$ cat protein25.cif   # mmCIF, C-alpha atoms
data_start
#
loop_
_atom_site.label_atom_id
_atom_site.label_comp_id
_atom_site.auth_asym_id
_atom_site.auth_seq_id
_atom_site.Cartn_x
_atom_site.Cartn_y
_atom_site.Cartn_z
CA ASP S 1 -33.36 34.02 2.19
CA ILE S 2 -31.96 30.58 1.41
CA GLY S 3 -28.18 30.97 1.26
CA CYS S 4 -28.28 34.48 2.71
CA GLY S 5 -24.49 34.73 3.12
CA ASN S 6 -23.57 37.98 4.85
CA GLY S 7 -27.22 39.01 4.99
CA LYS S 8 -27.08 41.67 2.31
CA TYR S 9 -30.71 41.15 1.23
CA LEU S 10 -32.20 40.83 4.71
CA SER S 11 -32.86 44.57 5.09
CA THR S 12 -34.38 45.06 1.64
CA ASN S 13 -37.89 45.83 2.90
CA PRO S 14 -38.22 46.93 6.53
CA LYS S 15 -41.97 46.23 6.52
CA VAL S 16 -41.35 42.56 5.93
CA TRP S 17 -39.86 40.09 8.41
CA MET S 18 -37.10 38.12 6.74
CA HIS S 19 -35.26 35.11 7.99
CA GLY S 20 -31.94 34.01 6.56
CA CYS S 21 -30.07 30.75 6.51
CA ASP S 22 -26.67 29.77 5.15
CA ARG S 23 -24.33 26.81 5.27
CA SER S 24 -21.40 28.98 6.31
CA PRO S 25 -21.33 29.96 10.01
CA ASN S 26 -18.53 32.42 9.25
CA LEU S 27 -20.55 34.34 6.65
CA LEU S 28 -23.44 34.52 9.11
CA GLN S 29 -21.21 36.28 11.63
CA HIS S 30 -21.58 39.34 9.41
CA CYS S 31 -25.31 39.22 10.11
CA THR S 32 -24.70 39.44 13.84
CA ALA S 33 -23.58 43.04 13.65
CA ASN S 34 -26.75 43.94 11.81
CA LYS S 35 -29.01 42.08 14.22
CA HIS S 36 -30.63 39.88 11.61
CA ASP S 37 -32.52 36.68 12.34
CA VAL S 38 -30.44 33.90 10.83
CA LEU S 39 -29.41 30.28 11.32
CA VAL S 40 -26.97 27.73 9.91
CA ALA S 41 -28.67 25.19 7.67
CA ASP S 42 -28.31 23.20 4.46
CA ALA S 43 -30.52 24.15 1.51
CA LEU S 44 -31.50 20.49 1.19
CA GLU S 45 -32.67 20.13 4.80
CA LEU S 46 -34.35 23.40 5.71
CA PRO S 47 -35.40 23.55 9.38
CA TYR S 48 -38.60 25.44 8.61
CA LYS S 49 -42.23 24.32 8.76
CA SER S 50 -43.92 23.63 5.45
CA SER S 51 -45.75 26.69 4.08
CA ALA S 52 -44.25 28.94 6.78
CA PHE S 53 -43.33 31.85 4.51
CA ASP S 54 -45.13 34.13 2.07
CA ALA S 55 -42.05 34.28 -0.12
CA ALA S 56 -38.49 33.02 -0.43
CA ILE S 57 -35.40 33.99 -2.36
CA SER S 58 -32.36 31.93 -3.28
CA ILE S 59 -29.79 34.09 -5.04
CA ALA S 60 -26.64 32.56 -6.49
CA VAL S 61 -26.95 29.43 -4.35
CA ILE S 62 -28.36 26.47 -6.23
CA HIS S 63 -25.65 26.76 -8.88
CA HIS S 64 -23.18 25.51 -6.25
CA LEU S 65 -24.89 22.11 -6.01
CA SER S 66 -22.99 19.53 -8.01
CA THR S 67 -25.74 17.27 -9.39
CA GLU S 68 -29.05 17.92 -11.10
CA GLU S 69 -30.72 15.68 -8.51
CA ARG S 70 -29.51 17.96 -5.71
CA ARG S 71 -30.44 21.12 -7.60
CA VAL S 72 -34.02 19.84 -8.08
CA ALA S 73 -34.12 18.77 -4.41
CA ALA S 74 -33.11 22.30 -3.40
CA LEU S 75 -35.95 23.80 -5.46
CA LYS S 76 -38.39 21.34 -3.86
CA GLU S 77 -37.23 22.35 -0.37
CA ALA S 78 -37.50 26.04 -1.21
CA LEU S 79 -41.04 25.49 -2.51
CA ARG S 80 -41.95 23.42 0.55
CA VAL S 81 -41.35 26.25 3.00
CA VAL S 82 -43.38 28.76 0.97
CA ARG S 83 -47.15 28.85 1.44
CA PRO S 84 -49.49 27.83 -1.41
CA GLY S 85 -49.82 30.91 -3.62
CA GLY S 86 -46.54 32.26 -2.28
CA VAL S 87 -43.57 33.10 -4.49
CA LEU S 88 -39.97 31.99 -4.88
CA LEU S 89 -37.24 33.97 -6.65
CA VAL S 90 -34.09 32.21 -7.83
CA TYR S 91 -30.96 33.56 -9.53
CA ASN S 92 -28.22 31.34 -10.97
CA TRP S 93 -25.11 32.20 -12.97
CA ALA S 94 -25.52 31.83 -16.71
CA LEU S 95 -23.29 29.86 -19.04
CA GLU S 96 -24.01 32.39 -21.77
CA GLN S 97 -22.58 35.36 -19.83
CA GLU S 98 -19.78 37.46 -21.24
CA GLY S 99 -17.03 39.24 -19.43
CA ARG S 100 -15.00 38.06 -16.46
CA PHE S 101 -16.71 34.73 -15.96
CA GLY S 102 -17.79 34.32 -19.56
CA GLY S 103 -16.58 32.22 -22.40
CA PHE S 104 -17.14 28.87 -20.66
CA LYS S 105 -18.25 26.01 -22.88
CA GLU S 106 -18.82 23.44 -20.14
CA GLN S 107 -21.45 24.02 -17.47
CA ASP S 108 -19.58 22.43 -14.56
CA GLN S 109 -16.68 24.64 -13.56
CA LEU S 110 -14.31 25.31 -10.70
CA ILE S 111 -14.13 29.09 -10.59
CA PRO S 112 -11.23 30.62 -8.68
CA TRP S 113 -11.48 33.17 -5.91
CA HIS S 114 -8.24 35.05 -5.32
CA LEU S 115 -8.17 36.10 -1.69
CA ASN S 116 -6.89 39.65 -1.33
CA LYS S 117 -3.40 39.46 0.23
CA LYS S 118 -4.42 41.86 3.00
CA PHE S 119 -6.63 39.12 4.44
CA GLY S 120 -3.67 36.77 4.79
CA THR S 121 -1.53 34.48 2.70
CA ASP S 122 -1.73 31.30 4.78
CA VAL S 123 -3.36 28.44 2.92
CA VAL S 124 -6.52 27.42 4.79
CA GLY S 125 -8.78 24.49 3.93
CA HIS S 126 -8.80 23.63 0.26
CA GLY S 127 -7.00 26.79 -0.82
CA GLU S 128 -3.94 26.72 -3.05
CA LYS S 129 -1.01 29.06 -3.47
CA ALA S 130 -1.22 31.14 -6.64
CA GLU S 131 2.47 31.74 -7.24
CA GLU S 132 2.19 34.49 -9.85
CA LYS S 133 -0.06 36.67 -7.71
CA HIS S 134 1.44 35.70 -4.32
CA CYS S 135 -1.95 35.00 -2.83
CA VAL S 136 -4.22 32.11 -1.96
CA VAL S 137 -6.78 30.83 -4.45
CA TYR S 138 -9.97 28.99 -3.57
CA LYS S 139 -11.74 27.10 -6.31
CA ARG S 140 -15.48 27.01 -5.99
CA PHE S 141 -17.81 24.67 -7.83
CA TYR S 142 -20.38 26.25 -10.12
CA HIS S 143 -22.88 24.59 -12.42
CA LEU S 144 -23.53 27.38 -14.91
CA PHE S 145 -27.16 27.38 -16.02
CA LYS S 146 -28.21 27.28 -19.68
CA GLU S 147 -31.16 29.13 -21.09
CA GLY S 148 -34.30 27.13 -20.31
CA GLU S 149 -32.65 25.02 -17.64
CA THR S 150 -34.30 26.82 -14.72
CA GLU S 151 -37.74 26.12 -16.15
CA ARG S 152 -36.83 22.50 -16.76
CA LEU S 153 -35.71 22.05 -13.14
CA PHE S 154 -38.90 23.66 -11.79
CA GLU S 155 -40.91 21.31 -14.01
CA ALA S 156 -39.04 18.39 -12.44
CA ALA S 157 -39.62 19.77 -8.93
CA GLY S 158 -43.38 19.95 -9.46
CA GLY S 159 -46.11 21.80 -7.56
CA ASN S 160 -45.31 25.20 -9.03
CA THR S 161 -45.97 27.59 -11.89
CA VAL S 162 -43.19 29.70 -13.41
CA ARG S 163 -44.63 33.23 -13.55
CA GLN S 164 -41.60 34.98 -15.03
CA SER S 165 -38.22 33.90 -16.27
CA TYR S 166 -35.55 36.28 -17.53
CA TYR S 167 -31.87 37.06 -17.92
CA ASP S 168 -30.43 39.63 -15.54
CA HIS S 169 -26.77 40.64 -15.38
CA ALA S 170 -25.28 37.24 -16.21
CA ASN S 171 -27.93 35.30 -14.29
CA TRP S 172 -30.83 33.11 -15.34
CA CYS S 173 -33.71 34.06 -13.06
CA ALA S 174 -37.23 32.91 -12.30
CA ILE S 175 -40.20 34.02 -10.22
CA VAL S 176 -42.25 30.97 -9.36
CA GLU S 177 -45.57 30.52 -7.60
CA LYS S 178 -46.22 27.53 -5.35
CA GLN S 179 -49.38 25.75 -6.38
CA ALA S 180 -52.31 25.30 -4.03
CA LEU S 181 -52.26 21.51 -4.06
CA SER S 182 -49.45 18.97 -3.50
CA MET S 183 -46.32 19.36 -1.33
CA ALA U 61 -27.88 37.67 15.15
CA ASN U 62 -30.94 36.76 17.11
CA MET U 63 -33.06 33.71 17.93
CA ILE U 64 -36.49 35.10 18.80
CA LEU U 65 -39.76 33.28 19.41
CA LEU U 66 -41.10 34.25 15.99
CA THR U 67 -38.20 32.37 14.42
CA HIS U 68 -38.74 29.41 16.74
CA ASN U 69 -42.39 29.27 15.70
CA MET U 70 -41.46 28.91 12.05
CA MET U 71 -39.02 26.08 12.70
CA VAL U 72 -39.09 22.31 12.86
CA SER U 73 -36.45 19.62 13.27
CA PRO U 74 -34.66 18.83 9.97
CA MET U 75 -33.95 15.27 11.15
CA LYS U 76 -35.04 12.64 8.59
CA GLU U 77 -37.06 10.74 11.17
CA ALA U 78 -38.87 13.82 12.51
CA SER U 79 -42.43 14.55 11.48
CA LYS U 80 -41.78 18.23 10.55
CA SER U 81 -44.96 19.07 12.44
CA VAL U 82 -43.95 19.53 16.08
CA PRO U 83 -42.07 22.44 17.60
CA LEU U 84 -38.46 22.18 18.73
CA LYS U 85 -37.98 22.46 22.47
CA ILE U 86 -36.00 25.49 23.61
CA GLU U 87 -33.17 25.10 26.12
CA ALA U 88 -32.15 28.62 27.13
CA GLU U 89 -28.84 29.36 28.83
CA GLU U 90 -28.24 33.00 28.03
CA VAL U 91 -31.16 35.21 27.08
CA GLN U 92 -31.21 38.91 26.26
CA GLU U 93 -33.91 41.46 25.60
CA LEU U 94 -33.94 43.36 22.32
CA GLU U 95 -35.72 46.48 21.19
CA LYS U 96 -37.70 46.07 18.00
CA GLU U 97 -40.06 48.65 16.55
CA PHE U 98 -43.68 47.90 17.45
CA ASN U 99 -45.73 47.34 14.28
CA LEU U 100 -49.39 46.57 14.99
CA ASP U 101 -50.27 45.74 11.37
CA PHE U 102 -47.46 43.21 11.20
CA LEU U 103 -48.45 41.66 14.52
CA VAL U 104 -52.10 41.32 13.48
CA ASN U 105 -51.03 39.59 10.25
CA ILE U 106 -48.59 37.27 11.93
CA ILE U 107 -50.96 36.04 14.66
CA ASP U 108 -52.87 33.95 12.13
CA ARG U 109 -49.64 32.27 11.02
CA LEU U 110 -48.48 31.20 14.48
CA ASP U 111 -48.76 27.80 16.12
CA TRP U 112 -50.24 29.42 19.23
CA ALA U 113 -49.83 26.45 21.59
CA GLY U 114 -46.20 26.09 20.53
CA PHE U 115 -45.66 29.81 21.08
CA LEU U 116 -47.14 29.71 24.59
CA GLU U 117 -45.01 26.71 25.54
CA ALA U 118 -41.83 28.39 24.31
CA ALA U 119 -42.82 31.71 25.92
CA ALA U 120 -43.26 29.97 29.26
CA ILE U 121 -39.74 28.52 29.03
CA LEU U 122 -38.49 32.08 28.54
CA ASN U 123 -40.56 33.36 31.49
CA GLN U 124 -42.96 35.41 29.40
CA GLN U 125 -46.21 35.54 31.39
CA GLY U 126 -49.68 36.93 30.90
CA LEU U 127 -50.18 36.04 27.25
CA PRO U 128 -53.67 35.18 25.90
CA SER U 129 -54.32 31.43 26.09
CA SER U 130 -55.89 31.39 22.64
CA THR U 131 -55.96 33.67 19.59
CA GLU U 132 -59.70 34.26 20.17
CA GLU U 133 -58.78 36.04 23.40
CA ILE U 134 -56.52 38.54 21.64
CA ASP U 135 -57.88 42.07 21.72
CA LYS U 136 -56.15 43.87 18.88
CA THR U 137 -57.38 47.23 20.15
CA ASN U 138 -55.77 46.77 23.55
CA GLU U 139 -52.36 48.38 22.98
CA GLU U 140 -50.89 47.23 26.27
CA SER U 141 -51.60 43.56 25.61
CA MET U 142 -50.46 43.87 21.99
CA ARG U 143 -47.17 45.40 23.15
CA LYS U 144 -46.77 42.51 25.57
CA LEU U 145 -47.29 40.09 22.70
CA HIS U 146 -44.83 42.06 20.56
CA HIS U 147 -42.27 41.82 23.33
CA ALA U 148 -42.62 38.06 23.79
CA LEU U 149 -42.62 37.32 20.07
CA MET U 150 -39.94 39.72 18.82
CA GLU U 151 -37.77 40.95 21.67
CA VAL U 152 -36.70 37.93 23.71
CA ASP U 153 -33.51 36.55 22.20
CA VAL U 154 -31.93 33.20 23.05
CA VAL U 155 -28.21 33.93 22.73
CA THR U 156 -26.89 30.59 24.01
CA GLY U 157 -28.73 27.33 24.44
CA ALA U 158 -30.19 24.69 22.17
CA LEU U 159 -33.19 23.65 20.11
CA VAL U 160 -34.10 20.04 20.83
CA CYS U 161 -35.86 17.70 18.45
CA THR U 162 -38.31 16.04 20.83
CA GLU U 163 -38.86 13.10 18.46
CA THR U 164 -35.21 12.05 18.16
CA GLY U 165 -33.56 13.77 21.12
CA ARG U 166 -31.07 15.53 18.82
CA ARG U 167 -29.82 18.85 20.20
CA PHE U 168 -29.07 21.70 17.82
CA PRO U 169 -26.85 24.26 19.59
CA ILE U 170 -27.49 28.00 19.65
CA ALA U 171 -24.40 30.19 19.96
CA GLY U 172 -24.21 33.94 19.47
CA GLY U 173 -27.94 33.90 18.77
CA ILE U 174 -27.45 31.61 15.77
CA PRO U 175 -28.92 28.09 15.84
CA ASN U 176 -26.81 25.53 13.99
CA MET U 177 -29.27 23.21 12.30
CA LEU U 178 -26.79 21.30 10.13
CA LEU U 179 -27.11 17.53 10.16
CA ASN U 180 -24.04 15.35 10.59
CA GLN U 181 -22.89 13.12 7.73
CA ASP U 182 -24.38 10.02 9.36
CA GLU U 183 -27.74 11.74 9.83
CA LEU U 184 -28.24 12.52 6.15
#

$ encode --input "protein25.cif" --output "structure tokens"
Amino acid sequence: DIGCGNGKYLSTNPKVWMHGCDRSPNLLQHCTANKHDVLVADALELPYKSSAFDAAISIAVIHHLSTEERRVAALKEALRVVRPGGVLLVYNWALEQEGRFGGFKEQDQLIPWHLNKKFGTDVVGHGEKAEEKHCVVYKRFYHLFKEGETERLFEAAGGNTVRQSYYDHANWCAIVEKQALSM
Amino acid sequence: ANMILLTHNMMVSPMKEASKSVPLKIEAEEVQELEKEFNLDFLVNIIDRLDWAGFLEAAAILNQQGLPSSTEEIDKTNEESMRKLHHALMEVDVVTGALVCTETGRRFPIAGGIPNMLLNQDEL
């Protein structure tokens, strides 16, 4: 699970051994309590052998990378660590979504996270005071995906075949098979 | 979280200059033993995916003895030896220590059972 965060998907199937990695050591602390196998790593420099895994997932991760070059590089890395014939599942937030995070016209956005007051009101890191709500706001970068963009990025990454692509709850998603040759 | 030998066997150094084909070297300071459900089917599947020499070397560092010296020597019907393999692969957890890239010398620390494999800015 590339960008596993607090490990919420790591127990999905108890018959399968899953490994998780995330860039945030603090989020991974949540995995400690649940005794998951995790490590701190960057999606662009995965510390796994090539073709190590039968499958990989990367859910709501690649949309945080700020250039197309880096987003394609992340897909290439994810494909690298999956074995030929193995599958990769990716989910990224959609530009076309409606509701709370809908109505955006531009793909590159800073989307605010209002930290619940009960977790503290001191400004840490790049947070800002939100005067009206008396809490701290963190703005997070998202590149919202357009319809067809996921397929285009996988085409650029190479060495794969998109088996399914679909829209699911405000996300553009794809299930992709790593090809037998290359990589 | 845990750093077990199965994880170690799937890993390589993320350093640019590293070949991505040799194991990291384990430095173990604090080690603990876990209890993980024995699953013979899983073990039989996973054996074919392991770098066996790398596994034996790492197991030796963690004082796991009596493992088969090659996969050909594994008797899948011998429950005692399969449980021993299960133990070495899944139940020995490096809590504190490091994973060392033998090609560059770079040490990646392990704390609380979590290896930190992030590269520094000047290593990117």

$ closest_atom_pairs --input "protein25.cif" --of "chain S" --to "chain U" --cutoff "6 Å" --atoms "all atoms listed in the file" --output "tab-separated table"
residue	atom	partner	partner_atom	distance
S:Cys31	CA	U:Ala61	CA	5.9
S:Thr32	CA	U:Ala61	CA	3.9
S:Lys35	CA	U:Ala61	CA	4.6
S:His36	CA	U:Ala61	CA	5.0
S:Asp37	CA	U:Asn62	CA	5.0
S:Leu39	CA	U:Ile174	CA	5.0
S:Val40	CA	U:Asn176	CA	4.6
S:Ala41	CA	U:Leu178	CA	5.0
S:Glu45	CA	U:Pro74	CA	5.7
S:Pro47	CA	U:Pro74	CA	4.8
S:Tyr48	CA	U:Met71	CA	4.2
S:Lys49	CA	U:Met71	CA	5.4
S:Ala52	CA	U:Met70	CA	6.0

$ resolve_selection --input "protein25.cif" --expression "the PyMOL selection byres ((chain S and resi 113-122) around 10)" --output "MDAnalysis selection string"
chainID S and resid 110:112 123:125 127:130 133:140

$ atom_distance --input "protein25.cif" --atom1 "CA of Thr161 (chain S)" --atom2 "CA of Ala60 (chain S)"
20.7 Å

$ atom_distance --input "protein25.cif" --atom1 "CA of Leu153 (chain S)" --atom2 "CA of Ile62 (chain S)"
11.0 Å

$ closest_residue --input "protein25.cif" --among "S:Asn26, S:Thr150, S:Gln164, S:Ser50" --to "Val81 (chain S)" --atoms "all atoms listed in the file"
S:Ser50

$ residues_near_point --input "protein25.cif" --point "(-29.8, 24.1, 21.6)" --cutoff "7 Å" --atoms "only C-alpha atoms" --output "PyMOL selection string"
chain U and resi 86-87+157-160+167-170

$ atom_distance --input "protein25.cif" --atom1 "CA of Arg83 (chain S)" --atom2 "CA of Ser11 (chain S)"
21.6 Å

$ resolve_selection --input "protein25.cif" --expression "the PyMOL selection byres ((chain S and resi 98-109) around 7)" --output "PDB file with C-alpha atoms, in the coordinates of the input"
ATOM      1  CA  LEU S  95     -23.290  29.860 -19.040  1.00  0.00           C
ATOM      2  CA  GLU S  96     -24.010  32.390 -21.770  1.00  0.00           C
ATOM      3  CA  GLN S  97     -22.580  35.360 -19.830  1.00  0.00           C
ATOM      4  CA  LEU S 110     -14.310  25.310 -10.700  1.00  0.00           C
ATOM      5  CA  ILE S 111     -14.130  29.090 -10.590  1.00  0.00           C
ATOM      6  CA  PHE S 141     -17.810  24.670  -7.830  1.00  0.00           C
ATOM      7  CA  TYR S 142     -20.380  26.250 -10.120  1.00  0.00           C
ATOM      8  CA  HIS S 143     -22.880  24.590 -12.420  1.00  0.00           C
ATOM      9  CA  LEU S 144     -23.530  27.380 -14.910  1.00  0.00           C
ATOM     10  CA  PHE S 145     -27.160  27.380 -16.020  1.00  0.00           C
TER      11      PHE S 145
END

$ closest_residue --input "protein25.cif" --among "U:Phe98, U:Ile107, U:Ala118, U:Ser129" --to "Lys144 (chain U)" --atoms "all atoms listed in the file"
U:Phe98

$ closest_residue --input "protein25.cif" --among "U:Glu183, U:Glu139, U:Glu90, U:Asp108" --to "Thr164 (chain U)" --atoms "all atoms listed in the file"
U:Glu183

$ residues_near_point --input "protein25.cif" --point "(-33.7, 29.0, -17.0)" --cutoff "9 Å" --atoms "all atoms listed in the file" --output "PyMOL selection string"
chain S and resi 92+94+145-153+165-167+171-174

$ resolve_selection --input "protein25.cif" --expression "the PyMOL selection byres ((chain S and resi 79) around 9)" --output "ChimeraX atom specification"
/S:50-51,56,74-78,80-84,86-88,157,159-160,176-178,183

$ closest_residue --input "protein25.cif" --among "U:Ala88, U:Ile134, U:Leu122, U:Glu163" --to "Ala148 (chain U)" --atoms "only C-alpha atoms"
U:Leu122

$ residues_around --input "protein25.cif" --residues "His30 (chain S)" --least-positions-apart "2" --cutoff "9 Å" --atoms "all atoms listed in the file" --output "list in words"
Gly5, Asn6, Gly7, Asn26, Leu27, Leu28, Thr32, Ala33 and Asn34 of chain S; Ala61 of chain U

$ closest_residue --input "protein25.cif" --among "U:Val155, U:Lys136, U:Asp111, U:Leu65" --to "Glu89 (chain U)" --atoms "all atoms listed in the file"
U:Val155
